[in-house]
Amino acid sequence: MISKEEIFRVNPHINPSLVLCDPLSIPEKIEQEPIRSWLRFVGEYKLKQDFFAIILVPCSFWKPYTPPQDEFYRRIHRIGNKNSQIKFVTVSVPLALQPDEFWNFSWQGHNLVYECPFFPWVKNDGYAWSDELADRIFHLLKNTAKSFFKNNVGRYQAVLGCLIKEFGHIEIVNEFLDDNIDIHRPSKEIFSNVSYFDNTSDVYCHPTIWRKFTEMLVKWGIKV
């Protein structure tokens, strides 16, 4: 089991009150500040301009995302720098959606840097996992996503995803996607050496998955 001491040593930016390694702690935390107010805020948030595409990407342990702290977000920033008409939005538990202008995790005086490895393999670190609990949390956060996309109708032409089913977070946004990376059955090899701290880059920067992602972007006319 990864200790809180180790988590803070590796990423000292994390808010101590937002270490949510135990899935059972998440429903209560969603109802508390600052997460409760953030979910209300982002659900009502309106983009400042029109975009060709919103691109939904996974969260990472390495926060803040601006400036990027890991290989996946370094690659995402490079793509963003080449395309002014795309908007990256992170999908996560417990923040639901996080537009890239909030990737510094500083919001209304709050430090929103959290640690929440909300995946079935937290069982390997000694925590309980419940599919029923996951479904309940995804449903709650999907309501926030639904409000966000409803409030921004007409601000974008397409919603694209770099999200795989095994990470679960796609359940928050799947009904809003126009396209997603075509990975139906990722090979076991992709997950064979996934680490706790670098799981996002380990998986999404794997040559197979990254190629699928860039191929999708190119198909939609986005520079990579």
# chains A, B, ... in the order shown; residues from 1 in each chain; ligands from 1
$ closest_atom_pairs --of "segment 84-197 of chain A" --to "segment 18-29 of chain A" --cutoff "6 Å" --atoms "only C-alpha atoms" --output "CSV"
residue,atom,partner,partner_atom,distance
A:Tyr114,CA,A:Leu18,CA,4.8
A:Glu115,CA,A:Val19,CA,4.8
A:Cys116,CA,A:Leu20,CA,4.7
A:Pro117,CA,A:Cys21,CA,5.9
A:Tyr127,CA,A:Asp22,CA,5.8
$ write_last_selection --atoms "C-alpha atoms" --output "PDB file, in the first residue's frame"
ATOM      1  CA  TYR A 114      -6.030  15.832  -5.151  1.00  0.00           C
ATOM      2  CA  GLU A 115      -4.955  12.208  -5.222  1.00  0.00           C
ATOM      3  CA  CYS A 116      -7.709   9.769  -6.095  1.00  0.00           C
ATOM      4  CA  PRO A 117      -6.673   6.532  -7.845  1.00  0.00           C
ATOM      5  CA  TYR A 127      -8.332  -0.775  -0.531  1.00  0.00           C
TER       6      TYR A 127
END
$ residues_around --residues "Ile2 of chain A" --least-positions-apart "3" --cutoff "8 Å" --atoms "only C-alpha atoms" --output "short mmCIF file (atom, residue, chain, number, x, y, z; two decimals) with N, CA and C atoms, in the first residue's frame"
data_model
loop_
_atom_site.label_atom_id
_atom_site.label_comp_id
_atom_site.auth_asym_id
_atom_site.auth_seq_id
_atom_site.Cartn_x
_atom_site.Cartn_y
_atom_site.Cartn_z
N GLU A 6 4.46 8.90 1.44
CA GLU A 6 5.11 8.72 0.15
C GLU A 6 4.44 9.59 -0.91
N ILE A 7 3.12 9.67 -0.89
CA ILE A 7 2.38 10.50 -1.85
C ILE A 7 2.80 11.97 -1.73
N ASP A 125 -3.52 -2.33 -3.62
CA ASP A 125 -2.91 -1.52 -2.56
C ASP A 125 -3.66 -1.64 -1.24
#
$ atom_distance --atom1 "atom CA of Cys205 of chain A" --atom2 "atom CA of Tyr73 of chain A"
9.9 Å
$ closest_residue --among "A:Pro16, A:Pro34, A:Gly168, A:Pro67" --to "Val91 of chain A" --atoms "only C-alpha atoms"
A:Gly168
$ closest_residue --among "A:Leu217, A:Leu133, A:Leu47, A:Val42" --to "Asn180 of chain A" --atoms "only C-alpha atoms"
A:Leu217
$ select_by_dssp --residues "segment 11-185 of chain A" --states "strand (DSSP E)" --output "JSON, numbers by chain"
{"A": [51, 52, 53, 54, 55, 56, 57, 58, 86, 87, 88, 89, 90, 91, 92, 96, 97, 98, 99, 106, 107, 110, 111, 156, 157, 158, 159, 160, 161, 179, 180]}
$ closest_atom_pairs --of "segment 154-214 of chain A" --to "segment 144-147 of chain A" --cutoff "12 Å" --atoms "only C-alpha atoms" --output "CSV"
residue,atom,partner,partner_atom,distance
A:His169,CA,A:Ala145,CA,11.6
A:Ile170,CA,A:Ala145,CA,11.3
A:Glu171,CA,A:Ala145,CA,10.6
A:Ile172,CA,A:Ala145,CA,6.9
A:Val173,CA,A:Ala145,CA,6.6
A:Asn174,CA,A:Ala145,CA,10.1
A:Glu175,CA,A:Lys146,CA,9.0
A:Phe176,CA,A:Lys146,CA,8.1
A:Leu177,CA,A:Ala145,CA,11.5
$ residues_around --residues "Phe41 of chain A" --least-positions-apart "2" --cutoff "12 Å" --atoms "only C-alpha atoms" --output "tab-separated table (two decimals) with N, CA and C atoms, in the first residue's frame"
chain	number	residue	atom	x	y	z
A	34	PRO	N	-13.89	21.78	-0.80
A	34	PRO	CA	-14.32	22.63	-1.91
A	34	PRO	C	-14.91	21.86	-3.10
A	35	ILE	N	-14.96	20.52	-3.02
A	35	ILE	CA	-15.41	19.74	-4.17
A	35	ILE	C	-16.85	20.05	-4.52
A	36	ARG	N	-17.71	20.18	-3.52
A	36	ARG	CA	-19.12	20.44	-3.79
A	36	ARG	C	-19.29	21.73	-4.61
A	37	SER	N	-18.60	22.79	-4.21
A	37	SER	CA	-18.72	24.06	-4.93
A	37	SER	C	-18.09	23.98	-6.32
A	38	TRP	N	-16.97	23.25	-6.44
A	38	TRP	CA	-16.35	23.09	-7.75
A	38	TRP	C	-17.31	22.40	-8.72
A	39	LEU	N	-17.96	21.34	-8.29
A	39	LEU	CA	-18.87	20.60	-9.17
A	39	LEU	C	-20.02	21.50	-9.63
A	43	GLY	N	-20.24	22.70	-13.60
A	43	GLY	CA	-21.48	22.36	-14.27
A	43	GLY	C	-22.15	23.57	-14.90
A	44	GLU	N	-21.95	24.74	-14.30
A	44	GLU	CA	-22.54	25.98	-14.81
A	44	GLU	C	-21.59	26.77	-15.68
A	45	TYR	N	-20.37	26.28	-15.82
A	45	TYR	CA	-19.31	27.05	-16.51
A	45	TYR	C	-19.58	27.16	-18.01
A	46	LYS	N	-19.33	28.35	-18.55
A	46	LYS	CA	-19.49	28.58	-19.98
A	46	LYS	C	-18.13	28.93	-20.59
A	95	LEU	N	-13.35	15.61	-9.55
A	95	LEU	CA	-13.67	16.93	-10.11
A	95	LEU	C	-14.58	16.87	-11.32
A	96	ALA	N	-14.90	15.69	-11.82
A	96	ALA	CA	-15.76	15.50	-12.99
A	96	ALA	C	-15.08	16.03	-14.24
A	97	LEU	N	-15.15	17.33	-14.47
A	97	LEU	CA	-14.52	17.95	-15.63
A	97	LEU	C	-13.65	19.12	-15.16
A	98	GLN	N	-12.53	19.31	-15.88
A	98	GLN	CA	-11.60	20.38	-15.52
A	98	GLN	C	-11.04	21.00	-16.80
A	99	PRO	N	-11.66	22.08	-17.31
A	99	PRO	CA	-11.13	22.75	-18.50
A	99	PRO	C	-9.69	23.19	-18.30
A	102	PHE	N	-8.04	25.77	-15.96
A	102	PHE	CA	-7.98	25.51	-14.51
A	102	PHE	C	-6.96	24.43	-14.17
A	107	TRP	N	-8.23	27.58	-7.50
A	107	TRP	CA	-9.57	28.03	-7.85
A	107	TRP	C	-10.25	28.66	-6.63
A	108	GLN	N	-10.58	29.93	-6.76
A	108	GLN	CA	-11.29	30.67	-5.72
A	108	GLN	C	-10.65	30.50	-4.34
A	144	THR	N	-22.93	16.40	-13.48
A	144	THR	CA	-22.16	17.62	-13.66
A	144	THR	C	-21.74	17.77	-15.11
A	145	ALA	N	-21.26	16.68	-15.72
A	145	ALA	CA	-20.86	16.73	-17.12
A	145	ALA	C	-22.04	17.10	-18.02
A	147	SER	N	-24.60	18.92	-17.31
A	147	SER	CA	-24.86	20.36	-17.18
A	147	SER	C	-23.83	21.17	-17.96
A	148	PHE	N	-22.57	20.76	-17.88
A	148	PHE	CA	-21.51	21.49	-18.58
A	148	PHE	C	-21.76	21.50	-20.09
A	151	ASN	N	-24.79	23.63	-21.08
A	151	ASN	CA	-24.53	25.06	-21.00
A	151	ASN	C	-23.61	25.56	-22.11
$ atom_distance --atom1 "atom CA of Pro207 of chain A" --atom2 "atom CA of Ile190 of chain A"
9.2 Å
$ select_by_dssp --residues "segment 76-156 of chain A" --states "alpha helix (DSSP H)" --output "ChimeraX atom specification"
/A:76-82,131-151
$ residues_around --residues "Asp70 of chain A" --least-positions-apart "4" --cutoff "12 Å" --atoms "only C-alpha atoms" --output "list in words"
Asn11, Cys59, Ser60, Phe61, Trp62, Lys63, Pro64, Tyr65, Thr66, Arg74, Arg75, Ile76, His77, Phe197, Asp198, Asn199, Thr200, Ser201, Asp202, Tyr204 and Cys205 of chain A
$ closest_residue --among "A:Ser130, A:His13, A:Gln69, A:Ile209" --to "Ile164 of chain A" --atoms "only C-alpha atoms"
A:Ile209
$ closest_residue --among "A:His139, A:Arg9, A:Lys165, A:Arg78" --to "Val93 of chain A" --atoms "only C-alpha atoms"
A:His139
$ closest_residue --among "A:Val89, A:Ile30, A:Leu141, A:Ile14" --to "Ala53 of chain A" --atoms "only C-alpha atoms"
A:Val89
$ atom_distance --atom1 "atom CA of Ile79 of chain A" --atom2 "atom CA of Trp220 of chain A"
13.5 Å
